Amino acid sequence: MIKTFEYELQTDNITIEQLLRDDFHIGKKIMHEMRMAKSIVKENGEPMVWQHHYPKGTKLTFNVKVEPSSYVATQNCDVPILFEDAHILVVSKPADMATHPNEPGQTGTCMNHVMAYIKKQGGVYAEHVHRLDQGTKGLVLIAKHPLIKSMLDRMLEDKQIIRVYEAIVDGYMTQKNGTIRTPIGKDRHDSTRRTVSPSGQTAITHFEVVGQDSNFTKVHVILETGRTHQIRVHLSSIGHPVTGDRLYGSRTRADNYSLQAKKLQFVHPITKEMIVVEDYK
């Protein structure tokens, strides 16, 4: 399948190679494949000369080869779509739903539901840019073709996608804002847990108190890194586990823990628009 979209050059006197390398941050392998396939043409269908310098405003047509994603589509999509354009989706994943299958043929995950939506729109491709723990609800960013997936992956790596989470934690937090900078590694005694560990991976979490009473505190959290269970581990490490998160020390009994991916904000790598999506549920 070929994904086609239009693009107008935003920079004057630029080559196609510069556009893909410097503006789109596309890797060498994908650039080479696109060049060999003549994936970028002018409005009239004439192939672009990759080393030629084109003026600002030149209109291009991208024809991106798309291999089908492997997710088995559910009968209906039961996850809300909060934002969509030709390149991306932002969906709201419920708590108690995995982001993606962990074994071949698994169904019922967020990506299985997304694939049902994509197929009904005539598409074949959808891939998540980041993931949420099964018990965490909220916003997940989805790429609708491989080129935008590569671009968003790089943006995530370069911390150009802001992810804001909201958590209810046990106890009254006296520190109203701060940054937790402690590495996270696997728990040697429990394969399902992560723990603060000097030998773990770098993990950075920013937090701000936005409401509280004598028993609970509501915080907004921004991730600078994306380690497994990072928010849950870090908040627990300072004595305030996420409410209901029995795995990380909460003494509050609840059906699920109180953590939501509340907001996504980034500059769209193709349209250059500021995208802000918030989940109010």
# chains A, B, ... in the order shown; residues from 1 in each chain; ligands from 1
>>> residues_around(residues="segment 87-101 of chain A", least_positions_apart="3", cutoff="7 Å", atoms="only C-alpha atoms", output="PyMOL selection string")
chain A and resi 79-84+106-107+109-111+131-145+148
>>> residues_around(residues="Arg193 of chain A", least_positions_apart="4", cutoff="10 Å", atoms="only C-alpha atoms", output="list in words")
Gly185, Lys186, Asp187, Arg188, His189, Thr228, His229, Val233, Leu247 and Tyr248 of chain A
>>> residues_around(residues="segment 59-67 of chain A", least_positions_apart="3", cutoff="6 Å", atoms="only C-alpha atoms", output="PyMOL selection string")
chain A and resi 1-8+39-43
>>> atom_distance(atom1="atom CA of Gly178 of chain A", atom2="atom CA of Gly226 of chain A")
17.5 Å
>>> closest_residue(among="A:His52, A:Lys176, A:His128, A:Lys38", to="Gln18 of chain A", atoms="only C-alpha atoms")
A:His52
>>> atom_distance(atom1="atom CA of Ala126 of chain A", atom2="atom CA of Arg163 of chain A")
20.2 Å
>>> select_by_dssp(residues="segment 85-173 of chain A", states="alpha helix (DSSP H)", output="NGL selection string")
:A and (110-120 or 146-157)
>>> residues_around(residues="segment 15-17 of chain A", least_positions_apart="2", cutoff="10 Å", atoms="only C-alpha atoms", output="compact mmCIF listing (two decimals) with all heavy atoms, in the first residue's frame")
# COMPACT_ATOMS: atom_id res chain seq x y z
N LEU A 9 7.45 23.16 0.87
CA LEU A 9 8.72 23.49 1.51
C LEU A 9 8.61 24.77 2.33
O LEU A 9 8.11 25.79 1.86
CB LEU A 9 9.82 23.64 0.45
CG LEU A 9 10.27 22.36 -0.26
CD1 LEU A 9 11.37 22.67 -1.26
CD2 LEU A 9 10.76 21.32 0.75
N THR A 11 11.36 26.11 3.88
CA THR A 11 12.68 26.73 3.89
C THR A 11 13.12 27.02 2.46
O THR A 11 12.88 26.21 1.55
CB THR A 11 13.71 25.81 4.58
OG1 THR A 11 13.22 25.46 5.89
CG2 THR A 11 15.06 26.49 4.72
N ASP A 12 13.78 28.14 2.25
CA ASP A 12 14.26 28.51 0.91
C ASP A 12 15.61 27.84 0.61
O ASP A 12 16.40 27.59 1.51
CB ASP A 12 14.40 30.02 0.81
CG ASP A 12 14.53 30.50 -0.63
OD1 ASP A 12 13.99 29.83 -1.53
OD2 ASP A 12 15.16 31.56 -0.85
N ASN A 13 15.82 27.53 -0.67
CA ASN A 13 17.11 27.04 -1.15
C ASN A 13 17.54 25.76 -0.42
O ASN A 13 18.64 25.65 0.09
CB ASN A 13 18.18 28.13 -0.98
CG ASN A 13 19.41 27.84 -1.82
OD1 ASN A 13 19.32 27.29 -2.91
ND2 ASN A 13 20.58 28.23 -1.30
N LEU A 19 16.06 18.42 3.60
CA LEU A 19 14.72 18.38 4.19
C LEU A 19 14.54 17.15 5.05
O LEU A 19 14.11 17.24 6.21
CB LEU A 19 13.66 18.41 3.09
CG LEU A 19 12.21 18.16 3.54
CD1 LEU A 19 11.68 19.34 4.33
CD2 LEU A 19 11.31 17.86 2.34
N LEU A 20 14.87 15.99 4.50
CA LEU A 20 14.65 14.74 5.23
C LEU A 20 15.62 14.59 6.39
O LEU A 20 15.24 14.12 7.47
CB LEU A 20 14.78 13.55 4.28
CG LEU A 20 13.75 13.46 3.15
CD1 LEU A 20 13.98 12.20 2.33
CD2 LEU A 20 12.33 13.50 3.68
N ARG A 21 16.86 15.01 6.20
CA ARG A 21 17.87 14.84 7.25
C ARG A 21 17.74 15.86 8.36
O ARG A 21 17.75 15.52 9.55
CB ARG A 21 19.27 14.92 6.62
CG ARG A 21 20.42 14.66 7.62
CD ARG A 21 21.76 14.99 7.00
NE ARG A 21 21.87 16.41 6.69
CZ ARG A 21 22.35 16.88 5.53
NH1 ARG A 21 22.76 16.05 4.58
NH2 ARG A 21 22.43 18.19 5.33
N ASP A 22 17.59 17.14 8.00
CA ASP A 22 17.67 18.22 8.99
C ASP A 22 16.31 18.64 9.54
O ASP A 22 16.20 18.99 10.72
CB ASP A 22 18.36 19.44 8.39
CG ASP A 22 19.78 19.14 7.92
OD1 ASP A 22 20.37 18.19 8.44
OD2 ASP A 22 20.27 19.85 7.02
N ASP A 23 15.27 18.63 8.70
CA ASP A 23 13.94 19.04 9.15
C ASP A 23 13.11 17.86 9.65
O ASP A 23 12.45 17.94 10.68
CB ASP A 23 13.18 19.75 8.03
CG ASP A 23 13.75 21.13 7.72
OD1 ASP A 23 14.77 21.49 8.34
OD2 ASP A 23 13.17 21.84 6.89
N PHE A 24 13.15 16.75 8.91
CA PHE A 24 12.36 15.58 9.27
C PHE A 24 13.12 14.60 10.16
O PHE A 24 12.51 13.72 10.75
CB PHE A 24 11.88 14.86 8.01
CG PHE A 24 10.75 15.54 7.28
CD1 PHE A 24 10.32 16.81 7.63
CD2 PHE A 24 10.12 14.90 6.21
CE1 PHE A 24 9.28 17.43 6.94
CE2 PHE A 24 9.08 15.52 5.52
CZ PHE A 24 8.67 16.78 5.89
N ILE A 26 15.03 12.10 9.40
CA ILE A 26 14.86 10.73 8.92
C ILE A 26 16.21 10.03 8.88
O ILE A 26 17.22 10.61 8.46
CB ILE A 26 14.21 10.74 7.52
CG1 ILE A 26 12.82 11.38 7.58
CG2 ILE A 26 14.12 9.33 6.95
CD1 ILE A 26 11.86 10.70 8.50
N LYS A 28 19.24 7.33 7.75
CA LYS A 28 19.86 7.09 6.44
C LYS A 28 19.20 5.94 5.68
O LYS A 28 19.06 6.00 4.46
CB LYS A 28 21.35 6.82 6.62
CG LYS A 28 22.15 8.02 7.07
CD LYS A 28 23.63 7.68 7.19
CE LYS A 28 24.45 8.90 7.62
NZ LYS A 28 25.89 8.57 7.74
N MET A 31 15.89 7.10 4.24
CA MET A 31 16.18 8.07 3.18
C MET A 31 16.62 7.35 1.91
O MET A 31 16.18 7.69 0.80
CB MET A 31 17.26 9.05 3.63
CG MET A 31 16.77 10.12 4.58
SD MET A 31 18.10 11.22 5.14
CE MET A 31 18.73 11.83 3.59
N HIS A 32 17.49 6.37 2.07
CA HIS A 32 17.98 5.62 0.90
C HIS A 32 16.84 4.89 0.21
O HIS A 32 16.73 4.90 -1.03
CB HIS A 32 19.06 4.63 1.34
CG HIS A 32 19.56 3.75 0.23
ND1 HIS A 32 20.37 4.21 -0.78
CD2 HIS A 32 19.33 2.43 -0.03
CE1 HIS A 32 20.64 3.22 -1.62
NE2 HIS A 32 20.02 2.13 -1.18
N ARG A 35 14.72 7.33 -1.70
CA ARG A 35 15.41 7.83 -2.89
C ARG A 35 15.36 6.80 -4.01
O ARG A 35 15.08 7.13 -5.17
CB ARG A 35 16.86 8.16 -2.53
CG ARG A 35 17.64 8.83 -3.67
CD ARG A 35 18.97 9.33 -3.19
NE ARG A 35 19.65 10.09 -4.20
CZ ARG A 35 20.75 10.80 -3.99
NH1 ARG A 35 21.28 10.84 -2.77
NH2 ARG A 35 21.31 11.46 -4.97
N ILE A 40 9.38 10.81 -3.63
CA ILE A 40 9.01 12.23 -3.56
C ILE A 40 9.03 12.81 -4.97
O ILE A 40 10.05 12.76 -5.66
CB ILE A 40 9.98 13.00 -2.65
CG1 ILE A 40 10.09 12.32 -1.29
CG2 ILE A 40 9.51 14.44 -2.47
CD1 ILE A 40 11.14 12.91 -0.39
N MET A 48 11.81 14.39 -8.05
CA MET A 48 12.66 15.45 -7.51
C MET A 48 14.13 15.08 -7.69
O MET A 48 14.50 13.91 -7.60
CB MET A 48 12.38 15.66 -6.02
CG MET A 48 10.93 15.91 -5.67
SD MET A 48 10.25 17.41 -6.40
CE MET A 48 11.21 18.67 -5.54
N VAL A 49 14.95 16.07 -7.94
CA VAL A 49 16.40 15.88 -7.98
C VAL A 49 16.92 16.16 -6.57
O VAL A 49 16.83 17.29 -6.07
CB VAL A 49 17.07 16.84 -8.99
CG1 VAL A 49 18.59 16.63 -8.99
CG2 VAL A 49 16.49 16.62 -10.39
N TRP A 50 17.43 15.15 -5.89
CA TRP A 50 17.69 15.23 -4.46
C TRP A 50 18.75 16.26 -4.09
O TRP A 50 18.72 16.81 -3.01
CB TRP A 50 18.08 13.85 -3.91
CG TRP A 50 16.86 13.02 -3.64
CD1 TRP A 50 15.82 12.80 -4.50
CD2 TRP A 50 16.54 12.34 -2.44
NE1 TRP A 50 14.87 12.00 -3.91
CE2 TRP A 50 15.29 11.69 -2.65
CE3 TRP A 50 17.18 12.17 -1.21
CZ2 TRP A 50 14.67 10.93 -1.67
CZ3 TRP A 50 16.57 11.40 -0.24
CH2 TRP A 50 15.32 10.79 -0.47
N GLN A 51 19.69 16.55 -4.99
CA GLN A 51 20.75 17.50 -4.66
C GLN A 51 20.46 18.91 -5.18
O GLN A 51 21.23 19.83 -4.96
CB GLN A 51 22.09 17.01 -5.21
CG GLN A 51 22.57 15.68 -4.63
CD GLN A 51 22.67 15.71 -3.11
OE1 GLN A 51 22.99 16.74 -2.51
NE2 GLN A 51 22.38 14.59 -2.46
N HIS A 52 19.33 19.06 -5.85
CA HIS A 52 18.95 20.38 -6.37
C HIS A 52 18.38 21.24 -5.23
O HIS A 52 17.68 20.74 -4.36
CB HIS A 52 17.91 20.24 -7.48
CG HIS A 52 17.47 21.56 -8.08
ND1 HIS A 52 18.25 22.25 -8.96
CD2 HIS A 52 16.35 22.30 -7.87
CE1 HIS A 52 17.62 23.37 -9.30
NE2 HIS A 52 16.48 23.43 -8.65
N HIS A 53 18.69 22.53 -5.23
CA HIS A 53 18.18 23.44 -4.21
C HIS A 53 16.86 24.04 -4.69
O HIS A 53 16.82 24.73 -5.70
CB HIS A 53 19.20 24.54 -3.91
CG HIS A 53 20.40 24.07 -3.16
ND1 HIS A 53 21.43 23.36 -3.76
CD2 HIS A 53 20.72 24.16 -1.83
CE1 HIS A 53 22.35 23.07 -2.86
NE2 HIS A 53 21.94 23.53 -1.68
N TYR A 54 15.79 23.78 -3.93
CA TYR A 54 14.45 24.22 -4.31
C TYR A 54 14.02 25.43 -3.48
O TYR A 54 14.40 25.55 -2.30
CB TYR A 54 13.44 23.09 -4.13
CG TYR A 54 13.63 21.96 -5.11
CD1 TYR A 54 14.35 20.82 -4.76
CD2 TYR A 54 13.10 22.02 -6.40
CE1 TYR A 54 14.53 19.78 -5.66
CE2 TYR A 54 13.28 20.99 -7.31
CZ TYR A 54 13.99 19.88 -6.94
OH TYR A 54 14.18 18.85 -7.83
N PRO A 55 13.21 26.31 -4.06
CA PRO A 55 12.77 27.50 -3.32
C PRO A 55 11.66 27.16 -2.33
O PRO A 55 10.94 26.17 -2.48
CB PRO A 55 12.25 28.43 -4.42
CG PRO A 55 11.81 27.50 -5.51
CD PRO A 55 12.76 26.34 -5.46
N LEU A 60 5.47 19.43 -2.91
CA LEU A 60 5.93 18.06 -3.12
C LEU A 60 4.80 17.08 -2.84
O LEU A 60 3.88 17.36 -2.07
CB LEU A 60 7.09 17.73 -2.16
CG LEU A 60 8.20 18.75 -1.97
CD1 LEU A 60 9.18 18.24 -0.92
CD2 LEU A 60 8.90 19.02 -3.28
>>> residues_around(residues="segment 199-213 of chain A", least_positions_apart="3", cutoff="6 Å", atoms="only C-alpha atoms", output="PyMOL selection string")
chain A and resi 176-185+216-225
>>> atom_distance(atom1="atom CA of Gly123 of chain A", atom2="atom CA of Met274 of chain A")
25.2 Å
